[in-house]
Amino acid sequence: MDDTERQEPQKSELVALRARIAALEQELAAERQHRLYHDHLLSNVNDAIIVLNPEFRIEEWNAGAERIYGWTENEVRGKQLSSVLQQRYLDPSTTSTSAFEQLLARGAWIGMVAQR
């Protein structure tokens with residue numbers, strides 16, 4: 001095999017690699033744009049939006065939550081929700097367990113809760 005034959009596969013591999021890099025850069029740009037939109041949306045909603053992980057630790061706390069409850073996101077991020085807010089379900093038949101089970105089964109829990 002001469003040098004020309006060895007270079008051809010390397011050139012085609014390089015072209016394929018460059019194409020893959022370009023595709024990944026486009027995906028990254030789209031993800032950044034999506035994140036900017038998400039951040040803008042969360043910061044401009046007047047309602048409190050609190051995102052929890054499965055262990056009920058706070059992952060996101062928007063500006064509305066900051067205005068309503070008085071803590072910044074940096075102060076509450078990673079903390080258990082129950083250590084930050086005391087809550088009482090307004091429907092006496094609702095418990096934290098039943099609300100969580102409904103959330104898992106349906107993807108949402110709908111109800112009224114008073115928080116302090």
# chains A, B, ... in the order shown; residues from 1 in each chain; ligands from 1
>>> closest_atom_pairs(of="range 49-110 of chain A", to="range 37-44 of chain A", cutoff="12 Å", atoms="only C-alpha atoms", output="JSON lines")
{"residue": "A:Ile49", "atom": "CA", "partner": "A:Leu42", "partner_atom": "CA", "distance": 7.4}
{"residue": "A:Ile50", "atom": "CA", "partner": "A:Leu42", "partner_atom": "CA", "distance": 9.8}
{"residue": "A:Val51", "atom": "CA", "partner": "A:Leu42", "partner_atom": "CA", "distance": 10.8}
{"residue": "A:Glu60", "atom": "CA", "partner": "A:Leu42", "partner_atom": "CA", "distance": 9.4}
{"residue": "A:Trp61", "atom": "CA", "partner": "A:Leu42", "partner_atom": "CA", "distance": 8.7}
{"residue": "A:Asn62", "atom": "CA", "partner": "A:Leu42", "partner_atom": "CA", "distance": 5.7}
{"residue": "A:Ala63", "atom": "CA", "partner": "A:Ser43", "partner_atom": "CA", "distance": 5.3}
{"residue": "A:Gly64", "atom": "CA", "partner": "A:Ser43", "partner_atom": "CA", "distance": 7.3}
{"residue": "A:Ala65", "atom": "CA", "partner": "A:Ser43", "partner_atom": "CA", "distance": 9.8}
{"residue": "A:Glu66", "atom": "CA", "partner": "A:Ser43", "partner_atom": "CA", "distance": 10.1}
{"residue": "A:Arg67", "atom": "CA", "partner": "A:Ser43", "partner_atom": "CA", "distance": 11.0}
{"residue": "A:Glu73", "atom": "CA", "partner": "A:Ser43", "partner_atom": "CA", "distance": 11.4}
>>> select_by_dssp(residues="chain A", states="strand (DSSP E)", output="ChimeraX atom specification")
/A:50-52,58-61,87-89,113-115
>>> atom_distance(atom1="CA of Met112 in chain A", atom2="CA of Glu75 in chain A")
25.5 Å
>>> closest_residue(among="A:Ser12, A:Arg116, A:Gln86, A:Gly111", to="Ser98 in chain A", atoms="only C-alpha atoms")
A:Gly111
>>> residues_around(residues="range 100-110 of chain A", least_positions_apart="6", cutoff="12 Å", atoms="only C-alpha atoms", output="list in words")
Leu52, Asn53, Pro54, Glu55, Phe56, Tyr89, Leu90, Asp91 and Thr94 of chain A
>>> write_last_selection(atoms="all heavy atoms", output="mmCIF file, in the first residue's frame")
data_model
loop_
_atom_site.group_PDB
_atom_site.id
_atom_site.type_symbol
_atom_site.label_atom_id
_atom_site.label_comp_id
_atom_site.auth_asym_id
_atom_site.auth_seq_id
_atom_site.Cartn_x
_atom_site.Cartn_y
_atom_site.Cartn_z
ATOM 1 N N LEU A 52 -38.325 20.389 41.898
ATOM 2 C CA LEU A 52 -37.750 19.472 42.876
ATOM 3 C C LEU A 52 -37.200 18.243 42.179
ATOM 4 O O LEU A 52 -37.705 17.828 41.145
ATOM 5 C CB LEU A 52 -38.814 19.024 43.879
ATOM 6 C CG LEU A 52 -39.585 20.124 44.596
ATOM 7 C CD1 LEU A 52 -40.703 19.519 45.424
ATOM 8 C CD2 LEU A 52 -38.660 20.956 45.452
ATOM 9 N N ASN A 53 -36.188 17.632 42.787
ATOM 10 C CA ASN A 53 -35.722 16.338 42.290
ATOM 11 C C ASN A 53 -36.527 15.250 43.003
ATOM 12 O O ASN A 53 -37.366 15.560 43.866
ATOM 13 C CB ASN A 53 -34.203 16.191 42.460
ATOM 14 C CG ASN A 53 -33.763 16.084 43.908
ATOM 15 O OD1 ASN A 53 -34.553 15.844 44.824
ATOM 16 N ND2 ASN A 53 -32.480 16.274 44.140
ATOM 17 N N PRO A 54 -36.334 13.976 42.675
ATOM 18 C CA PRO A 54 -37.128 12.908 43.306
ATOM 19 C C PRO A 54 -36.980 12.824 44.828
ATOM 20 O O PRO A 54 -37.834 12.256 45.496
ATOM 21 C CB PRO A 54 -36.613 11.632 42.634
ATOM 22 C CG PRO A 54 -36.110 12.093 41.310
ATOM 23 C CD PRO A 54 -35.528 13.455 41.561
ATOM 24 N N GLU A 55 -35.922 13.397 45.371
ATOM 25 C CA GLU A 55 -35.737 13.400 46.829
ATOM 26 C C GLU A 55 -36.321 14.656 47.469
ATOM 27 O O GLU A 55 -36.058 14.945 48.625
ATOM 28 C CB GLU A 55 -34.247 13.289 47.185
ATOM 29 C CG GLU A 55 -33.629 11.935 46.875
ATOM 30 C CD GLU A 55 -33.277 11.792 45.394
ATOM 31 O OE1 GLU A 55 -32.846 12.782 44.769
ATOM 32 O OE2 GLU A 55 -33.454 10.680 44.857
ATOM 33 N N PHE A 56 -37.094 15.431 46.701
ATOM 34 C CA PHE A 56 -37.728 16.667 47.151
ATOM 35 C C PHE A 56 -36.713 17.744 47.529
ATOM 36 O O PHE A 56 -36.976 18.589 48.372
ATOM 37 C CB PHE A 56 -38.701 16.415 48.312
ATOM 38 C CG PHE A 56 -39.896 15.620 47.902
ATOM 39 C CD1 PHE A 56 -39.906 14.246 48.065
ATOM 40 C CD2 PHE A 56 -40.988 16.237 47.330
ATOM 41 C CE1 PHE A 56 -41.003 13.502 47.669
ATOM 42 C CE2 PHE A 56 -42.086 15.499 46.935
ATOM 43 C CZ PHE A 56 -42.097 14.129 47.102
ATOM 44 N N TYR A 89 -51.977 20.751 53.154
ATOM 45 C CA TYR A 89 -52.912 20.492 52.068
ATOM 46 C C TYR A 89 -54.298 20.933 52.509
ATOM 47 O O TYR A 89 -54.740 20.610 53.614
ATOM 48 C CB TYR A 89 -52.906 19.007 51.693
ATOM 49 C CG TYR A 89 -51.575 18.578 51.103
ATOM 50 C CD1 TYR A 89 -50.593 18.002 51.894
ATOM 51 C CD2 TYR A 89 -51.303 18.788 49.756
ATOM 52 C CE1 TYR A 89 -49.370 17.628 51.358
ATOM 53 C CE2 TYR A 89 -50.084 18.417 49.213
ATOM 54 C CZ TYR A 89 -49.123 17.847 50.017
ATOM 55 O OH TYR A 89 -47.906 17.490 49.486
ATOM 56 N N LEU A 90 -54.989 21.691 51.653
ATOM 57 C CA LEU A 90 -56.291 22.228 52.024
ATOM 58 C C LEU A 90 -57.381 21.171 51.962
ATOM 59 O O LEU A 90 -58.408 21.306 52.633
ATOM 60 C CB LEU A 90 -56.638 23.431 51.147
ATOM 61 C CG LEU A 90 -55.644 24.596 51.271
ATOM 62 C CD1 LEU A 90 -56.085 25.769 50.412
ATOM 63 C CD2 LEU A 90 -55.469 25.027 52.712
ATOM 64 N N ASP A 91 -57.182 20.123 51.186
ATOM 65 C CA ASP A 91 -58.095 18.987 51.173
ATOM 66 C C ASP A 91 -57.583 18.022 52.241
ATOM 67 O O ASP A 91 -56.496 17.474 52.112
ATOM 68 C CB ASP A 91 -58.078 18.316 49.800
ATOM 69 C CG ASP A 91 -58.931 17.057 49.739
ATOM 70 O OD1 ASP A 91 -59.460 16.616 50.785
ATOM 71 O OD2 ASP A 91 -59.052 16.501 48.634
ATOM 72 N N THR A 94 -55.825 14.710 51.424
ATOM 73 C CA THR A 94 -54.557 14.700 50.694
ATOM 74 C C THR A 94 -53.388 14.658 51.672
ATOM 75 O O THR A 94 -53.361 15.394 52.656
ATOM 76 C CB THR A 94 -54.425 15.951 49.800
ATOM 77 O OG1 THR A 94 -55.510 15.994 48.888
ATOM 78 C CG2 THR A 94 -53.124 15.933 49.022
#
>>> select_by_dssp(residues="range 41-101 of chain A", states="alpha helix (DSSP H)", output="PyMOL selection string")
chain A and resi 41-43+63-69+73-76+81-84+96-101
>>> closest_residue(among="A:Ile21, A:Val15, A:Ala114, A:Leu85", to="Arg57 in chain A", atoms="only C-alpha atoms")
A:Leu85
>>> atom_distance(atom1="CA of Ile58 in chain A", atom2="CA of Ala29 in chain A")
27.0 Å
>>> atom_distance(atom1="CA of Glu59 in chain A", atom2="CA of Val76 in chain A")
8.6 Å
